[in-house]
Amino acid sequence: MRHEALVLAVFAVLFVLACGDDDGGTAPPADSGVLPDAGGKPQGWTVTTIDSSPSGVQARMAIGGDGAPAVAYFATEGASAGLCSELGVPDPPEKVVWDLFFSTRTGAAWARETIAQIPLVGVPTGISLSRAPDGALAAAAMTGAPVAQIRYCGANDTGYMLRTGPGAWTAETAVATSGQAATGDPASDYGEVVGYWPSLAFDSAGNPAIAYKDVHAGGMQSDDFRRADLELAWREGGTWRAIPVNAGRGAGDFGALAFDAQDRPVIAYYVPAESLEGSERGVWVTRSADGGATWESVRIHAGGTQYSPAVLVHPKDGTLFVAFYDAGRGLPYLARLADDAGFPDVAAGWEVEEFGDHTYDEGYYLSLGADLQGRLVAAYYRCVRAAAGVGNCDPNDDAAVFARREASGTWTREVIDSGSEGVCGMYTALGVDPQGRVFVTYQCSEESEGSFEFHLKVAEKAP
């Protein structure tokens, strides 16, 4: 039970920090047109275990250039690595190292690699996995040795890691300090801890870019999170540059980066902080048409969320979609940019619909994609029956859920796996391979030698 208890505690902390009270969430339509749930039984899904070690935290999926699904994820717990002697200070803190794993499928089997062992302060705050235009897979995560200046015994840089072959990864530092994305505001330019909630994407030329949160001194000073910055690292011509996107407002949780059909960087993210100058709390989408010099932004949800949103540039027509979870109503929502010129005005430019089952609190850990017919598909975690109260997750009710938007505009849903006695369905991630097979990975607790452990599982469904 030790592993399960830890992750449940982490889940509870993230949920409380992210959600809070509802303050103007998206109102559901009178008739959603959503079809009933499929009855809790897998329909054509084949479920296997990717990793039977305690693992699966913050899993992210990508389909490689060879068409094989791959997933990056953390172990369930960090391991003590002794005292943090790298700091060179009296009475150093303990160093805790987390394994960052990568698994890919070869034939019917999954093979695991270790990308890195990363020292972290607290629980992991995001990883990303993406396919480059040439088919190579790359990850983004925090890297860098502990910093003596602030007694921060953890990775503190924004790192980029490219897979060059089976078990072979090259790593480079994209951003090392807050001041690299200079704003001229000393509070925003101070600090060493950059790289929370990284999201990796590639532009049309194959250049990598990483959206990330800059938390300055990593919580060592009172306003590190209240005045945190959303920033973008972009490598062009072999050189990384750091770009301020939304500075000093606490922005950048759960970032999701994509390049749209006009090759503009688009970032969806969450602002959890309140401001004396007016509340900006909620889910935002921002983009730049001039290489990051200026940004136009829109708030598509004024309220709490939890480990979302997800961004999709539709592979067939380039339409921009953003999925997010409304923590006040306990439902997933889909926002479509219907009018490009109306991007900054949610009422004028966006069409927003909900696609969850009102019987449940569901929509955590959203992942979004499109099948070969162009239909939108999504995967997410179902927490609890709505009657029990939003956020009161119950292993008897939770599940990994797959949803699809039919050509008629209605959504159908299928429960992939509801587990047995333990928590099941967290950290969902979705991918569609070139043959149209859908893969959904998720974390599920299973009994092992009298106790429960979290394992990483995958469900596969033929076209």
# chains A, B, ... in the order shown; residues from 1 in each chain; ligands from 1

$ select_by_dssp --residues "range 375-424 of chain A" --states "strand (DSSP E or B)" --output "MDAnalysis selection string"
chainID A and resid 376:385 399:405 411:417 424

$ write_last_selection --atoms "N, CA and C atoms" --output "short mmCIF file (atom, residue, chain, number, x, y, z; two decimals), in the first residue's frame"
data_model
loop_
_atom_site.label_atom_id
_atom_site.label_comp_id
_atom_site.auth_asym_id
_atom_site.auth_seq_id
_atom_site.Cartn_x
_atom_site.Cartn_y
_atom_site.Cartn_z
N LEU A 376 -12.36 13.09 -33.91
CA LEU A 376 -11.60 13.38 -32.70
C LEU A 376 -11.74 12.24 -31.71
N VAL A 377 -10.63 11.90 -31.07
CA VAL A 377 -10.64 10.88 -30.03
C VAL A 377 -9.94 11.45 -28.80
N ALA A 378 -10.35 11.00 -27.64
CA ALA A 378 -9.78 11.50 -26.39
C ALA A 378 -9.69 10.37 -25.39
N ALA A 379 -8.76 10.48 -24.48
CA ALA A 379 -8.65 9.56 -23.35
C ALA A 379 -8.52 10.39 -22.09
N TYR A 380 -9.09 9.88 -20.99
CA TYR A 380 -9.03 10.62 -19.74
C TYR A 380 -9.34 9.69 -18.57
N TYR A 381 -9.15 10.23 -17.38
CA TYR A 381 -9.41 9.50 -16.13
C TYR A 381 -10.77 9.87 -15.58
N ARG A 382 -11.54 8.86 -15.21
CA ARG A 382 -12.81 9.05 -14.52
C ARG A 382 -12.56 8.90 -13.04
N CYS A 383 -12.99 9.87 -12.24
CA CYS A 383 -12.64 9.93 -10.82
C CYS A 383 -13.67 9.28 -9.91
N VAL A 384 -14.95 9.63 -10.08
CA VAL A 384 -15.95 9.21 -9.10
C VAL A 384 -17.34 9.52 -9.66
N ARG A 385 -18.35 8.89 -9.10
CA ARG A 385 -19.72 9.28 -9.45
C ARG A 385 -19.99 10.70 -8.94
N ALA A 399 -11.82 4.93 -13.57
CA ALA A 399 -11.55 4.15 -14.78
C ALA A 399 -10.77 4.99 -15.77
N ALA A 400 -10.12 4.29 -16.70
CA ALA A 400 -9.59 4.93 -17.91
C ALA A 400 -10.69 4.89 -18.96
N VAL A 401 -10.97 6.04 -19.57
CA VAL A 401 -12.10 6.17 -20.49
C VAL A 401 -11.61 6.65 -21.85
N PHE A 402 -12.20 6.11 -22.90
CA PHE A 402 -11.93 6.53 -24.28
C PHE A 402 -13.20 7.16 -24.83
N ALA A 403 -13.07 8.30 -25.50
CA ALA A 403 -14.22 8.99 -26.08
C ALA A 403 -13.93 9.32 -27.54
N ARG A 404 -14.98 9.31 -28.35
CA ARG A 404 -14.82 9.63 -29.78
C ARG A 404 -15.98 10.51 -30.24
N ARG A 405 -15.65 11.52 -31.02
CA ARG A 405 -16.68 12.41 -31.57
C ARG A 405 -17.08 11.88 -32.95
N TRP A 411 -20.87 12.40 -29.04
CA TRP A 411 -19.72 11.71 -28.47
C TRP A 411 -20.15 10.34 -27.95
N THR A 412 -19.34 9.33 -28.22
CA THR A 412 -19.51 8.02 -27.60
C THR A 412 -18.35 7.78 -26.65
N ARG A 413 -18.59 6.98 -25.63
CA ARG A 413 -17.56 6.72 -24.63
C ARG A 413 -17.47 5.23 -24.34
N GLU A 414 -16.29 4.78 -24.02
CA GLU A 414 -16.07 3.39 -23.63
C GLU A 414 -15.15 3.37 -22.41
N VAL A 415 -15.49 2.57 -21.43
CA VAL A 415 -14.60 2.33 -20.31
C VAL A 415 -13.57 1.30 -20.75
N ILE A 416 -12.30 1.68 -20.71
CA ILE A 416 -11.23 0.77 -21.10
C ILE A 416 -10.89 -0.17 -19.96
N ASP A 417 -10.70 0.39 -18.76
CA ASP A 417 -10.28 -0.41 -17.63
C ASP A 417 -10.72 0.30 -16.35
N CYS A 424 -7.31 3.10 -10.63
CA CYS A 424 -6.94 2.70 -11.99
C CYS A 424 -7.39 3.75 -12.99
#

$ select_by_dssp --residues "range 151-256 of chain A" --states "helix (DSSP H, G or I)" --output "number ranges by chain"
A: 178-180, 186-189

$ atom_distance --atom1 "CA of Val283 in chain A" --atom2 "CA of Asp398 in chain A"
24.4 Å

$ closest_atom_pairs --of "range 191-267 of chain A" --to "range 141-160 of chain A" --cutoff "8 Å" --atoms "only C-alpha atoms" --output "Markdown table"
| residue | atom | partner | partner_atom | distance |
| --- | --- | --- | --- | --- |
| A:Glu192 | CA | A:Asn156 | CA | 6.4 |
| A:Val193 | CA | A:Asn156 | CA | 4.4 |
| A:Val194 | CA | A:Asp157 | CA | 5.2 |
| A:Gly195 | CA | A:Thr158 | CA | 4.2 |
| A:Tyr196 | CA | A:Met142 | CA | 7.0 |
| A:Pro198 | CA | A:Ala141 | CA | 6.3 |
| A:Tyr212 | CA | A:Thr158 | CA | 7.6 |
| A:Ala217 | CA | A:Ile150 | CA | 6.6 |
| A:Gly218 | CA | A:Tyr152 | CA | 7.3 |
| A:Met220 | CA | A:Ile150 | CA | 7.0 |

$ write_last_selection --atoms "N, CA and C atoms" --output "PDB file, in the first residue's frame"
ATOM      1  N   GLU A 192      17.104  30.337 -10.732  1.00  0.00           N
ATOM      2  CA  GLU A 192      17.784  29.278 -11.467  1.00  0.00           C
ATOM      3  C   GLU A 192      16.860  28.126 -11.850  1.00  0.00           C
ATOM      4  N   VAL A 193      15.646  28.078 -11.314  1.00  0.00           N
ATOM      5  CA  VAL A 193      14.818  26.890 -11.478  1.00  0.00           C
ATOM      6  C   VAL A 193      13.824  27.096 -12.625  1.00  0.00           C
ATOM      7  N   VAL A 194      14.153  26.520 -13.755  1.00  0.00           N
ATOM      8  CA  VAL A 194      13.315  26.610 -14.955  1.00  0.00           C
ATOM      9  C   VAL A 194      13.041  25.194 -15.459  1.00  0.00           C
ATOM     10  N   GLY A 195      11.872  24.983 -16.035  1.00  0.00           N
ATOM     11  CA  GLY A 195      11.594  23.685 -16.633  1.00  0.00           C
ATOM     12  C   GLY A 195      10.420  22.926 -16.073  1.00  0.00           C
ATOM     13  N   TYR A 196       9.649  23.519 -15.133  1.00  0.00           N
ATOM     14  CA  TYR A 196       8.431  22.842 -14.682  1.00  0.00           C
ATOM     15  C   TYR A 196       7.458  22.713 -15.855  1.00  0.00           C
ATOM     16  N   PRO A 198       7.179  20.932 -18.719  1.00  0.00           N
ATOM     17  CA  PRO A 198       7.663  21.152 -20.088  1.00  0.00           C
ATOM     18  C   PRO A 198       6.749  20.494 -21.114  1.00  0.00           C
ATOM     19  N   TYR A 212       7.621  25.960 -20.991  1.00  0.00           N
ATOM     20  CA  TYR A 212       7.942  25.548 -19.622  1.00  0.00           C
ATOM     21  C   TYR A 212       7.582  26.660 -18.647  1.00  0.00           C
ATOM     22  N   ALA A 217      13.268  30.599  -7.782  1.00  0.00           N
ATOM     23  CA  ALA A 217      14.077  29.920  -6.767  1.00  0.00           C
ATOM     24  C   ALA A 217      13.438  28.609  -6.323  1.00  0.00           C
ATOM     25  N   GLY A 218      12.458  28.118  -7.072  1.00  0.00           N
ATOM     26  CA  GLY A 218      11.893  26.807  -6.816  1.00  0.00           C
ATOM     27  C   GLY A 218      11.114  26.670  -5.527  1.00  0.00           C
ATOM     28  N   MET A 220      11.844  28.546  -2.763  1.00  0.00           N
ATOM     29  CA  MET A 220      12.668  28.988  -1.649  1.00  0.00           C
ATOM     30  C   MET A 220      12.335  30.414  -1.214  1.00  0.00           C
TER      31      MET A 220
END

$ closest_residue --among "A:Ala187, A:Ala347, A:Ala62, A:Val352" --to "Asp214 in chain A" --atoms "only C-alpha atoms"
A:Ala187

$ closest_residue --among "A:Leu334, A:Ala72, A:Ala256, A:Val215" --to "Leu129 in chain A" --atoms "only C-alpha atoms"
A:Ala72
